Amino acid sequence: MQGGADAGGFGPGVLPFPQVRTEPQVGFERPELMRILDLYGRMVAAGEWRDYAMSFGKDAASFAAFRRTAERPTARIEKRPALRAKQGMWTLYGEAGQVLKRGHELAGVLSVLERKLLKIVED
């Protein structure tokens, strides 16, 4: 070893991957994300959605689904834990940014989109 480097090849007190983010961020738990991605897959199969984006901040996590990549999202699902005790931490926004549904349970909020999927299949 040269220059007093430790076994990892770094000097004393140097971390290879320093913690950059100091504030906590909101994210989706695995069952929540699986439920959202399952719906996304069914909407892609129906030809309604083609792309998605996720955003994670200190106050909220968001999943946006797009019909085309370059336009605004067709639907946006937002998890905001600070609203858990009030109207519910889950919100579904429409294409124009209007609130379509709020709730305490993800399944209830996603039911609006799942009903739309059923209508697509019936036609």
# chains A, B, ... in the order shown; residues from 1 in each chain; ligands from 1
>>> residues_around(residues="region 52-55 of chain A", least_positions_apart="2", cutoff="6 Å", atoms="only C-alpha atoms", output="JSON, numbers by chain")
{"A": [61, 62, 63, 64, 65, 66]}
>>> residues_around(residues="region 91-98 of chain A", least_positions_apart="5", cutoff="8 Å", atoms="only C-alpha atoms", output="list in words")
Arg72, Pro73, Thr74, Ala75, Arg76, Ile77, Glu78, Lys79, Gly103, Val109 and Leu110 of chain A
>>> write_last_selection(atoms="N, CA, C and O atoms", output="mmCIF file, in the first residue's frame")
data_model
loop_
_atom_site.group_PDB
_atom_site.id
_atom_site.type_symbol
_atom_site.label_atom_id
_atom_site.label_comp_id
_atom_site.auth_asym_id
_atom_site.auth_seq_id
_atom_site.Cartn_x
_atom_site.Cartn_y
_atom_site.Cartn_z
ATOM 1 N N ARG A 72 -47.707 16.389 -22.036
ATOM 2 C CA ARG A 72 -47.937 16.334 -20.591
ATOM 3 C C ARG A 72 -48.559 14.981 -20.225
ATOM 4 O O ARG A 72 -49.164 14.322 -21.066
ATOM 5 N N PRO A 73 -48.445 14.591 -18.977
ATOM 6 C CA PRO A 73 -48.926 13.261 -18.591
ATOM 7 C C PRO A 73 -50.440 13.114 -18.721
ATOM 8 O O PRO A 73 -51.193 14.038 -18.427
ATOM 9 N N THR A 74 -50.861 11.938 -19.157
ATOM 10 C CA THR A 74 -52.282 11.613 -19.232
ATOM 11 C C THR A 74 -52.843 11.448 -17.822
ATOM 12 O O THR A 74 -53.966 11.834 -17.542
ATOM 13 N N ALA A 75 -52.037 10.853 -16.949
ATOM 14 C CA ALA A 75 -52.427 10.658 -15.551
ATOM 15 C C ALA A 75 -51.184 10.771 -14.681
ATOM 16 O O ALA A 75 -50.086 10.423 -15.108
ATOM 17 N N ARG A 76 -51.392 11.267 -13.462
ATOM 18 C CA ARG A 76 -50.281 11.364 -12.510
ATOM 19 C C ARG A 76 -50.783 10.894 -11.156
ATOM 20 O O ARG A 76 -51.798 11.371 -10.658
ATOM 21 N N ILE A 77 -50.074 9.943 -10.580
ATOM 22 C CA ILE A 77 -50.416 9.399 -9.267
ATOM 23 C C ILE A 77 -49.392 9.948 -8.279
ATOM 24 O O ILE A 77 -48.187 9.808 -8.488
ATOM 25 N N GLU A 78 -49.880 10.585 -7.237
ATOM 26 C CA GLU A 78 -48.987 11.226 -6.280
ATOM 27 C C GLU A 78 -49.208 10.676 -4.883
ATOM 28 O O GLU A 78 -50.344 10.508 -4.440
ATOM 29 N N LYS A 79 -48.106 10.399 -4.194
ATOM 30 C CA LYS A 79 -48.129 9.964 -2.801
ATOM 31 C C LYS A 79 -47.541 11.101 -1.965
ATOM 32 O O LYS A 79 -46.394 11.487 -2.146
ATOM 33 N N GLY A 103 -57.594 9.752 -1.863
ATOM 34 C CA GLY A 103 -57.975 8.686 -0.963
ATOM 35 C C GLY A 103 -56.851 8.222 -0.064
ATOM 36 O O GLY A 103 -55.689 8.580 -0.225
ATOM 37 N N VAL A 109 -57.903 4.832 -5.393
ATOM 38 C CA VAL A 109 -57.517 5.912 -6.300
ATOM 39 C C VAL A 109 -57.287 5.360 -7.713
ATOM 40 O O VAL A 109 -57.694 5.966 -8.698
ATOM 41 N N LEU A 110 -56.693 4.184 -7.798
ATOM 42 C CA LEU A 110 -56.423 3.583 -9.113
ATOM 43 C C LEU A 110 -57.685 3.036 -9.778
ATOM 44 O O LEU A 110 -57.694 2.808 -10.985
#
>>> atom_distance(atom1="CA of Ile36 (chain A)", atom2="CA of Leu83 (chain A)")
19.7 Å
>>> atom_distance(atom1="CA of Gly88 (chain A)", atom2="CA of Gly108 (chain A)")
10.9 Å
>>> residues_around(residues="Ala107 (chain A)", least_positions_apart="2", cutoff="12 Å", atoms="only C-alpha atoms", output="number ranges by chain")
A: 31-36, 38-39, 77, 90-92, 101-105, 109-115
>>> select_by_dssp(residues="region 34-86 of chain A", states="strand (DSSP E)", output="ChimeraX atom specification")
/A:51-56,61-66,75-79
>>> residues_around(residues="Gln25 (chain A)", least_positions_apart="6", cutoff="7 Å", atoms="only C-alpha atoms", output="JSON, numbers by chain")
{"A": [56, 57, 58, 59]}
>>> atom_distance(atom1="CA of Ala45 (chain A)", atom2="CA of Arg80 (chain A)")
28.7 Å
>>> select_by_dssp(residues="region 11-99 of chain A", states="helix (DSSP H, G or I)", output="list in words")
Arg30, Pro31, Glu32, Leu33, Met34, Arg35, Ile36, Leu37, Asp38, Leu39, Tyr40, Gly41, Arg42, Met43, Val44, Ala45, Pro81, Ala82 and Leu83 of chain A
>>> write_last_selection(atoms="all heavy atoms", output="short mmCIF file (atom, residue, chain, number, x, y, z; two decimals), in the first residue's frame")
data_model
loop_
_atom_site.label_atom_id
_atom_site.label_comp_id
_atom_site.auth_asym_id
_atom_site.auth_seq_id
_atom_site.Cartn_x
_atom_site.Cartn_y
_atom_site.Cartn_z
N ARG A 30 -42.54 -1.26 -2.22
CA ARG A 30 -42.57 -2.27 -3.28
C ARG A 30 -44.00 -2.68 -3.68
O ARG A 30 -44.30 -2.69 -4.87
CB ARG A 30 -41.77 -3.50 -2.87
CG ARG A 30 -41.71 -4.54 -3.97
CD ARG A 30 -40.87 -5.73 -3.57
NE ARG A 30 -39.50 -5.39 -3.36
CZ ARG A 30 -38.55 -5.48 -4.28
NH1 ARG A 30 -38.85 -5.89 -5.49
NH2 ARG A 30 -37.30 -5.17 -4.00
N PRO A 31 -44.91 -2.99 -2.74
CA PRO A 31 -46.27 -3.36 -3.17
C PRO A 31 -47.00 -2.24 -3.91
O PRO A 31 -47.76 -2.49 -4.84
CB PRO A 31 -46.99 -3.71 -1.87
CG PRO A 31 -45.92 -3.96 -0.87
CD PRO A 31 -44.74 -3.16 -1.30
N GLU A 32 -46.76 -1.00 -3.49
CA GLU A 32 -47.38 0.15 -4.16
C GLU A 32 -46.87 0.27 -5.59
O GLU A 32 -47.66 0.43 -6.53
CB GLU A 32 -47.06 1.44 -3.39
CG GLU A 32 -47.63 1.49 -1.99
CD GLU A 32 -47.05 2.59 -1.13
OE1 GLU A 32 -46.03 3.21 -1.51
OE2 GLU A 32 -47.62 2.84 -0.06
N LEU A 33 -45.57 0.19 -5.74
CA LEU A 33 -44.99 0.31 -7.07
C LEU A 33 -45.40 -0.86 -7.97
O LEU A 33 -45.69 -0.66 -9.15
CB LEU A 33 -43.47 0.39 -6.97
CG LEU A 33 -42.73 0.72 -8.27
CD1 LEU A 33 -43.22 2.04 -8.86
CD2 LEU A 33 -41.24 0.78 -8.02
N MET A 34 -45.49 -2.05 -7.41
CA MET A 34 -45.94 -3.20 -8.20
C MET A 34 -47.37 -3.00 -8.69
O MET A 34 -47.68 -3.31 -9.84
CB MET A 34 -45.83 -4.49 -7.37
CG MET A 34 -44.42 -4.89 -7.03
SD MET A 34 -43.39 -5.21 -8.47
CE MET A 34 -44.10 -6.72 -9.01
N ARG A 35 -48.22 -2.46 -7.85
CA ARG A 35 -49.62 -2.20 -8.23
C ARG A 35 -49.70 -1.15 -9.35
O ARG A 35 -50.44 -1.30 -10.31
CB ARG A 35 -50.39 -1.74 -6.99
CG ARG A 35 -51.82 -1.39 -7.20
CD ARG A 35 -52.69 -2.60 -7.04
NE ARG A 35 -54.04 -2.31 -7.45
CZ ARG A 35 -55.10 -2.61 -6.74
NH1 ARG A 35 -54.97 -3.21 -5.59
NH2 ARG A 35 -56.29 -2.33 -7.19
N ILE A 36 -48.91 -0.10 -9.22
CA ILE A 36 -48.89 0.96 -10.23
C ILE A 36 -48.33 0.44 -11.55
O ILE A 36 -48.89 0.69 -12.61
CB ILE A 36 -48.08 2.18 -9.72
CG1 ILE A 36 -48.81 2.84 -8.54
CG2 ILE A 36 -47.84 3.18 -10.84
CD1 ILE A 36 -47.97 3.87 -7.80
N LEU A 37 -47.23 -0.30 -11.49
CA LEU A 37 -46.63 -0.82 -12.72
C LEU A 37 -47.48 -1.89 -13.38
O LEU A 37 -47.48 -2.03 -14.61
CB LEU A 37 -45.22 -1.35 -12.44
CG LEU A 37 -44.18 -0.27 -12.14
CD1 LEU A 37 -42.85 -0.91 -11.76
CD2 LEU A 37 -44.01 0.68 -13.31
N ASP A 38 -48.25 -2.63 -12.59
CA ASP A 38 -49.19 -3.60 -13.16
C ASP A 38 -50.25 -2.87 -13.99
O ASP A 38 -50.55 -3.25 -15.12
CB ASP A 38 -49.84 -4.42 -12.05
CG ASP A 38 -50.89 -5.37 -12.58
OD1 ASP A 38 -50.54 -6.24 -13.40
OD2 ASP A 38 -52.07 -5.24 -12.19
N LEU A 39 -50.81 -1.80 -13.43
CA LEU A 39 -51.78 -0.99 -14.17
C LEU A 39 -51.14 -0.37 -15.40
O LEU A 39 -51.72 -0.37 -16.48
CB LEU A 39 -52.36 0.10 -13.27
CG LEU A 39 -53.29 1.09 -13.96
CD1 LEU A 39 -54.54 0.39 -14.48
CD2 LEU A 39 -53.66 2.22 -13.02
N TYR A 40 -49.92 0.12 -15.26
CA TYR A 40 -49.20 0.70 -16.39
C TYR A 40 -49.06 -0.33 -17.52
O TYR A 40 -49.32 -0.02 -18.69
CB TYR A 40 -47.82 1.20 -15.95
CG TYR A 40 -46.97 1.66 -17.11
CD1 TYR A 40 -47.20 2.87 -17.73
CD2 TYR A 40 -45.95 0.84 -17.60
CE1 TYR A 40 -46.42 3.28 -18.81
CE2 TYR A 40 -45.17 1.25 -18.68
CZ TYR A 40 -45.42 2.45 -19.27
OH TYR A 40 -44.66 2.86 -20.34
N GLY A 41 -48.68 -1.54 -17.20
CA GLY A 41 -48.52 -2.58 -18.20
C GLY A 41 -49.82 -2.89 -18.93
O GLY A 41 -49.83 -3.08 -20.16
N ARG A 42 -50.92 -2.92 -18.17
CA ARG A 42 -52.22 -3.17 -18.81
C ARG A 42 -52.65 -2.02 -19.71
O ARG A 42 -53.23 -2.23 -20.77
CB ARG A 42 -53.28 -3.47 -17.75
CG ARG A 42 -53.05 -4.83 -17.09
CD ARG A 42 -54.12 -5.19 -16.11
NE ARG A 42 -53.93 -4.42 -14.89
CZ ARG A 42 -54.91 -3.97 -14.12
NH1 ARG A 42 -56.17 -4.21 -14.42
NH2 ARG A 42 -54.65 -3.28 -13.03
N MET A 43 -52.34 -0.80 -19.31
CA MET A 43 -52.67 0.36 -20.14
C MET A 43 -51.80 0.41 -21.39
O MET A 43 -52.27 0.81 -22.46
CB MET A 43 -52.53 1.66 -19.33
CG MET A 43 -53.53 1.79 -18.21
SD MET A 43 -55.23 1.88 -18.78
CE MET A 43 -55.44 3.64 -18.87
N VAL A 44 -50.55 -0.01 -21.29
CA VAL A 44 -49.68 -0.09 -22.47
C VAL A 44 -50.24 -1.14 -23.43
O VAL A 44 -50.33 -0.91 -24.63
CB VAL A 44 -48.23 -0.43 -22.07
CG1 VAL A 44 -47.40 -0.83 -23.28
CG2 VAL A 44 -47.59 0.76 -21.37
N ALA A 45 -50.65 -2.29 -22.89
CA ALA A 45 -51.21 -3.35 -23.73
C ALA A 45 -52.49 -2.89 -24.44
O ALA A 45 -52.77 -3.31 -25.56
CB ALA A 45 -51.48 -4.59 -22.90
N PRO A 81 -47.32 11.76 1.96
CA PRO A 81 -47.59 11.27 3.31
C PRO A 81 -48.06 12.33 4.31
O PRO A 81 -48.76 12.00 5.27
CB PRO A 81 -46.24 10.68 3.75
CG PRO A 81 -45.56 10.33 2.48
CD PRO A 81 -46.00 11.37 1.50
N ALA A 82 -47.75 13.59 4.10
CA ALA A 82 -48.19 14.64 5.02
C ALA A 82 -49.71 14.76 5.06
O ALA A 82 -50.27 15.24 6.05
CB ALA A 82 -47.57 15.99 4.62
N LEU A 83 -50.39 14.29 4.01
CA LEU A 83 -51.86 14.37 3.95
C LEU A 83 -52.54 13.09 4.44
O LEU A 83 -53.75 12.94 4.30
CB LEU A 83 -52.32 14.69 2.52
CG LEU A 83 -51.84 16.02 1.95
CD1 LEU A 83 -52.30 16.18 0.52
CD2 LEU A 83 -52.32 17.17 2.80
#
